[in-house]
file run-v7.txt (compact mmCIF, C-alpha atoms)
# COMPACT_ATOMS: atom_id res chain seq x y z
CA MET A 46 0.00 0.00 0.00
CA ALA A 47 2.12 2.88 -1.25
CA GLN A 48 -0.07 5.87 -0.44
CA GLY A 49 2.74 7.97 0.99
CA LYS A 50 2.18 11.20 -0.98
CA SER A 51 -1.58 11.19 -1.44
CA ASP A 52 -2.63 10.30 2.11
CA PRO A 53 -1.67 12.75 4.88
CA ASN A 54 -2.15 10.15 7.67
CA TYR A 55 0.12 7.47 6.12
CA LYS A 56 3.61 7.77 7.56
CA ILE A 57 6.47 5.29 7.94
CA ALA A 58 7.84 5.46 11.49
CA ALA A 59 10.61 2.82 11.18
CA GLU A 60 11.81 0.46 8.48
CA ASN A 61 14.03 -2.63 8.62
CA LYS A 62 16.03 -2.29 5.41
CA ARG A 63 18.38 -5.20 6.15
CA ALA A 64 15.53 -7.70 6.51
CA ARG A 65 15.26 -8.42 2.79
CA TYR A 66 19.04 -8.83 2.58
CA ASP A 67 19.37 -11.17 5.57
CA TYR A 68 16.14 -13.17 5.09
CA ALA A 69 14.21 -14.78 2.24
CA ILE A 70 10.72 -13.43 2.96
CA ASP A 71 7.91 -15.78 1.91
CA ASP A 72 4.87 -13.85 3.12
CA ASP A 73 4.00 -10.82 5.19
CA ILE A 74 1.17 -9.94 7.53
CA GLU A 75 -0.11 -6.64 8.89
CA CYS A 76 -0.54 -6.52 12.68
CA GLY A 77 -1.88 -3.99 15.10
CA ILE A 78 0.38 -3.02 17.98
CA ILE A 79 -0.49 -2.07 21.56
CA LEU A 80 1.31 1.16 22.44
CA GLU A 81 1.28 3.69 25.26
CA GLY A 82 0.54 7.36 24.57
CA SER A 83 4.15 8.51 24.85
CA GLU A 84 5.21 5.74 22.44
CA VAL A 85 2.74 6.93 19.80
CA LYS A 86 3.95 10.53 20.11
CA SER A 87 7.57 9.40 19.84
CA LEU A 88 6.75 7.31 16.75
CA ARG A 89 5.09 10.31 15.10
CA LEU A 90 8.39 12.17 15.56
CA GLY A 91 10.23 9.22 13.94
CA GLY A 92 12.12 7.97 17.00
CA ALA A 93 12.07 4.21 16.45
CA ASN A 94 14.32 1.36 15.36
CA ILE A 95 13.14 -2.16 14.50
CA ALA A 96 16.38 -3.36 12.87
CA GLU A 97 17.45 -5.72 15.68
CA SER A 98 13.97 -6.76 16.79
CA TYR A 99 11.90 -9.87 16.10
CA ALA A 100 8.41 -11.22 16.71
CA ALA A 101 7.61 -14.38 18.67
CA VAL A 102 4.52 -16.45 19.48
CA GLU A 103 4.52 -17.14 23.23
CA ASP A 104 1.63 -18.47 25.36
CA GLY A 105 -0.90 -18.01 22.58
CA GLU A 106 0.03 -14.35 21.99
CA LEU A 107 2.22 -12.56 19.44
CA TRP A 108 4.93 -10.28 20.87
CA LEU A 109 7.35 -7.76 19.36
CA VAL A 110 10.65 -8.16 21.19
CA ASN A 111 13.58 -5.71 21.40
CA ALA A 112 12.05 -2.91 19.31
CA TYR A 113 13.38 0.51 20.30
CA ILE A 114 11.04 3.48 20.62
CA ALA A 115 12.84 6.61 21.83
CA PRO A 116 11.60 8.25 25.05
CA TYR A 117 9.23 11.17 24.54
CA LYS A 118 10.75 14.15 26.34
CA GLN A 119 7.47 15.94 27.14
CA ALA A 120 6.09 12.82 28.93
CA LYS A 121 7.91 13.29 32.23
CA THR A 122 5.76 11.30 34.63
CA PHE A 123 4.08 8.86 32.26
CA GLY A 124 7.00 7.89 30.04
CA HIS A 125 7.65 4.42 28.64
CA GLU A 126 10.37 1.81 28.73
CA GLU A 127 12.30 1.96 25.43
CA ARG A 128 12.82 -1.76 24.72
CA ARG A 129 9.79 -3.33 26.38
CA ARG A 130 7.93 -6.26 24.82
CA ARG A 131 4.91 -5.03 22.90
CA LYS A 132 1.87 -7.15 22.16
CA LEU A 133 0.86 -7.49 18.50
CA LEU A 134 -2.75 -7.93 17.45
CA VAL A 135 -3.72 -10.62 14.94
CA SER A 136 -6.70 -12.91 14.54
CA ARG A 137 -6.67 -16.38 16.11
CA LYS A 138 -6.45 -18.01 12.69
CA GLU A 139 -3.42 -15.90 11.72
CA LEU A 140 -1.83 -16.55 15.12
CA SER A 141 -2.14 -20.33 14.72
CA ASN A 142 -0.73 -20.04 11.19
CA LEU A 143 2.26 -18.05 12.50
CA TRP A 144 2.81 -20.59 15.27
CA ASN A 145 2.80 -23.43 12.70
CA GLN A 146 5.25 -21.57 10.47
CA THR A 147 7.72 -20.88 13.29
CA GLN A 148 7.50 -24.13 15.27
CA ARG A 149 7.06 -26.73 12.55
CA LYS A 150 8.73 -25.20 9.51
CA GLY A 151 11.51 -23.30 11.29
CA MET A 152 10.60 -19.87 9.93
CA THR A 153 11.39 -16.55 11.62
CA LEU A 154 9.07 -13.58 12.17
CA VAL A 155 10.91 -10.42 11.12
CA PRO A 156 9.46 -6.90 11.47
CA LEU A 157 9.66 -5.15 8.09
CA VAL A 158 8.06 -1.74 8.60
CA LEU A 159 6.34 0.15 11.42
CA TYR A 160 3.92 2.76 10.09
CA PHE A 161 0.72 4.71 10.58
CA ASN A 162 -2.02 3.58 8.19
CA HIS A 163 -4.50 5.84 6.36
CA LYS A 164 -6.69 5.99 9.50
CA GLY A 165 -3.73 7.14 11.60
CA MET A 166 -3.43 3.83 13.49
CA ALA A 167 0.02 2.37 14.25
CA LYS A 168 0.58 -0.90 12.37
CA ILE A 169 3.55 -3.18 11.86
CA LYS A 170 4.22 -5.44 8.90
CA ILE A 171 5.77 -8.77 9.92
CA GLY A 172 7.55 -10.94 7.37
CA ILE A 173 7.48 -14.75 7.60
CA ALA A 174 11.05 -15.49 6.59
CA LYS A 175 13.85 -18.01 6.42
CA GLY A 176 17.45 -16.92 7.08
CA LYS A 177 19.72 -16.63 4.04
CA LYS A 178 23.14 -18.24 3.92
CA LEU A 179 26.16 -16.28 2.67
CA HIS A 180 25.95 -17.72 -0.86
CA ASP A 181 22.27 -16.76 -1.08
CA LYS A 182 23.15 -13.18 -0.16
CA ARG A 183 25.81 -13.15 -2.88
CA ASP A 184 23.30 -14.46 -5.42
CA SER A 185 20.73 -11.81 -4.57
CA SER A 186 23.29 -9.00 -4.69
CA ALA A 187 24.57 -10.30 -8.07
CA LYS A 188 21.00 -10.35 -9.43
CA ARG A 189 20.42 -6.83 -8.15
CA ASP A 190 23.65 -5.61 -9.77
CA TRP A 191 22.74 -7.28 -13.07
CA GLY A 192 19.30 -5.66 -12.95
CA ARG A 193 20.89 -2.23 -12.51
CA GLN A 194 23.35 -2.88 -15.33
CA LYS A 195 20.50 -4.04 -17.59
CA GLN A 196 18.57 -0.83 -16.89
CA ARG A 197 21.64 1.28 -17.73
CA LEU A 198 22.12 -0.59 -21.01
CA LEU A 199 18.46 -0.19 -21.95
CA LYS A 200 18.63 3.55 -21.16
CA GLN A 201 21.74 4.03 -23.33
CA GLY A 202 20.63 1.86 -26.24
call {"tool": "encode", "arguments": {"input": "run-v7.txt", "output": "structure tokens"}}
result
Amino acid sequence: MAQGKSDPNYKIAAENKRARYDYAIDDDIECGIILEGSEVKSLRLGGANIAESYAAVEDGELWLVNAYIAPYKQAKTFGHEERRRRKLLVSRKELSNLWNQTQRKGMTLVPLVLYFNHKGMAKIKIGIAKGKKLHDKRDSSAKRDWGRQKQRLLKQG
């Protein structure tokens, strides 16, 4: 959903750019996220990092672990803990599917992008992924380089 310019409410708060390099992403799923007020205000200012975080299914619930949301300076008394575990909201069917993917098939749940949707609600896109080996990373970078070279040749010719 690339509505960045046309929709004033749509805003990317944090993006994990290394995820597609380190993981082969099979599928992705949009989740709601439970946040405190100071966390939402900090996200609107762009103070977040999801690069070294991951999602996990524990005790029948989906959690975002190790995501950093910067402290909001104006929230003196009611601030938040920066790296606390945050609960993600998905349907029961999606949760059981995620549990099957991670436990039985050995997949990993990687956060791809944390954003505000067109309604202004904070959402996170989780990728169901498998870790790439070094040779896979080389293959994907070679394909990317060849694609760039092909575009240059088509532009010139």
call {"tool": "atom_distance", "arguments": {"input": "run-v7.txt", "atom1": "CA of Lys62 in chain A", "atom2": "CA of Ile95 in chain A"}}
result
9.5 Å
call {"tool": "atom_distance", "arguments": {"input": "run-v7.txt", "atom1": "CA of Ser87 in chain A", "atom2": "CA of Pro116 in chain A"}}
result
6.7 Å
call {"tool": "atom_distance", "arguments": {"input": "run-v7.txt", "atom1": "CA of Arg128 in chain A", "atom2": "CA of Pro156 in chain A"}}
result
14.6 Å
call {"tool": "closest_atom_pairs", "arguments": {"input": "run-v7.txt", "of": "range 88-135 of chain A", "to": "range 57-61 of chain A", "cutoff": "9 Å", "atoms": "only C-alpha atoms", "output": "Markdown table"}}
result
| residue | atom | partner | partner_atom | distance |
| --- | --- | --- | --- | --- |
| A:Leu88 | CA | A:Ala58 | CA | 5.7 |
| A:Arg89 | CA | A:Ala58 | CA | 6.6 |
| A:Leu90 | CA | A:Ala58 | CA | 7.9 |
| A:Gly91 | CA | A:Ala58 | CA | 5.1 |
| A:Gly92 | CA | A:Ala58 | CA | 7.4 |
| A:Ala93 | CA | A:Ala59 | CA | 5.6 |
| A:Asn94 | CA | A:Ala59 | CA | 5.8 |
| A:Ile95 | CA | A:Asn61 | CA | 6.0 |
| A:Ala96 | CA | A:Asn61 | CA | 4.9 |
| A:Glu97 | CA | A:Asn61 | CA | 8.4 |
call {"tool": "write_last_selection", "arguments": {"input": "run-v7.txt", "atoms": "C-alpha atoms", "output": "JSON list (two decimals), in the coordinates of the input"}}
result
[["chain", "number", "residue", "atom", "x", "y", "z"],
["A", 88, "LEU", "CA", 6.75, 7.31, 16.75],
["A", 89, "ARG", "CA", 5.09, 10.31, 15.10],
["A", 90, "LEU", "CA", 8.39, 12.17, 15.56],
["A", 91, "GLY", "CA", 10.23, 9.22, 13.94],
["A", 92, "GLY", "CA", 12.12, 7.97, 17.00],
["A", 93, "ALA", "CA", 12.07, 4.21, 16.45],
["A", 94, "ASN", "CA", 14.32, 1.36, 15.36],
["A", 95, "ILE", "CA", 13.14, -2.16, 14.50],
["A", 96, "ALA", "CA", 16.38, -3.36, 12.87],
["A", 97, "GLU", "CA", 17.45, -5.72, 15.68]]
call {"tool": "closest_residue", "arguments": {"input": "run-v7.txt", "among": "A:Ile169, A:Leu157, A:Ala187, A:Leu198", "to": "Ile70 in chain A", "atoms": "only C-alpha atoms"}}
result
A:Leu157
call {"tool": "closest_residue", "arguments": {"input": "run-v7.txt", "among": "A:Lys182, A:Lys138, A:Arg131, A:Arg189", "to": "Ala101 in chain A", "atoms": "all atoms listed in the file"}}
result
A:Arg131
call {"tool": "residues_near_point", "arguments": {"input": "run-v7.txt", "point": "(13.6, -9.2, 2.4)", "cutoff": "10 Å", "atoms": "all atoms listed in the file", "output": "compact mmCIF listing (two decimals) with C-alpha atoms, keeping the file's coordinate frame"}}
result
# COMPACT_ATOMS: atom_id res chain seq x y z
CA ASN A 61 14.03 -2.63 8.62
CA LYS A 62 16.03 -2.29 5.41
CA ARG A 63 18.38 -5.20 6.15
CA ALA A 64 15.53 -7.70 6.51
CA ARG A 65 15.26 -8.42 2.79
CA TYR A 66 19.04 -8.83 2.58
CA ASP A 67 19.37 -11.17 5.57
CA TYR A 68 16.14 -13.17 5.09
CA ALA A 69 14.21 -14.78 2.24
CA ILE A 70 10.72 -13.43 2.96
CA ASP A 71 7.91 -15.78 1.91
CA ASP A 72 4.87 -13.85 3.12
CA VAL A 155 10.91 -10.42 11.12
CA LEU A 157 9.66 -5.15 8.09
CA GLY A 172 7.55 -10.94 7.37
CA ILE A 173 7.48 -14.75 7.60
CA ALA A 174 11.05 -15.49 6.59
CA LYS A 175 13.85 -18.01 6.42
CA GLY A 176 17.45 -16.92 7.08
CA LYS A 177 19.72 -16.63 4.04
call {"tool": "closest_residue", "arguments": {"input": "run-v7.txt", "among": "A:Ser141, A:His125, A:Phe161, A:Leu179", "to": "Asp104 in chain A", "atoms": "all atoms listed in the file"}}
result
A:Ser141
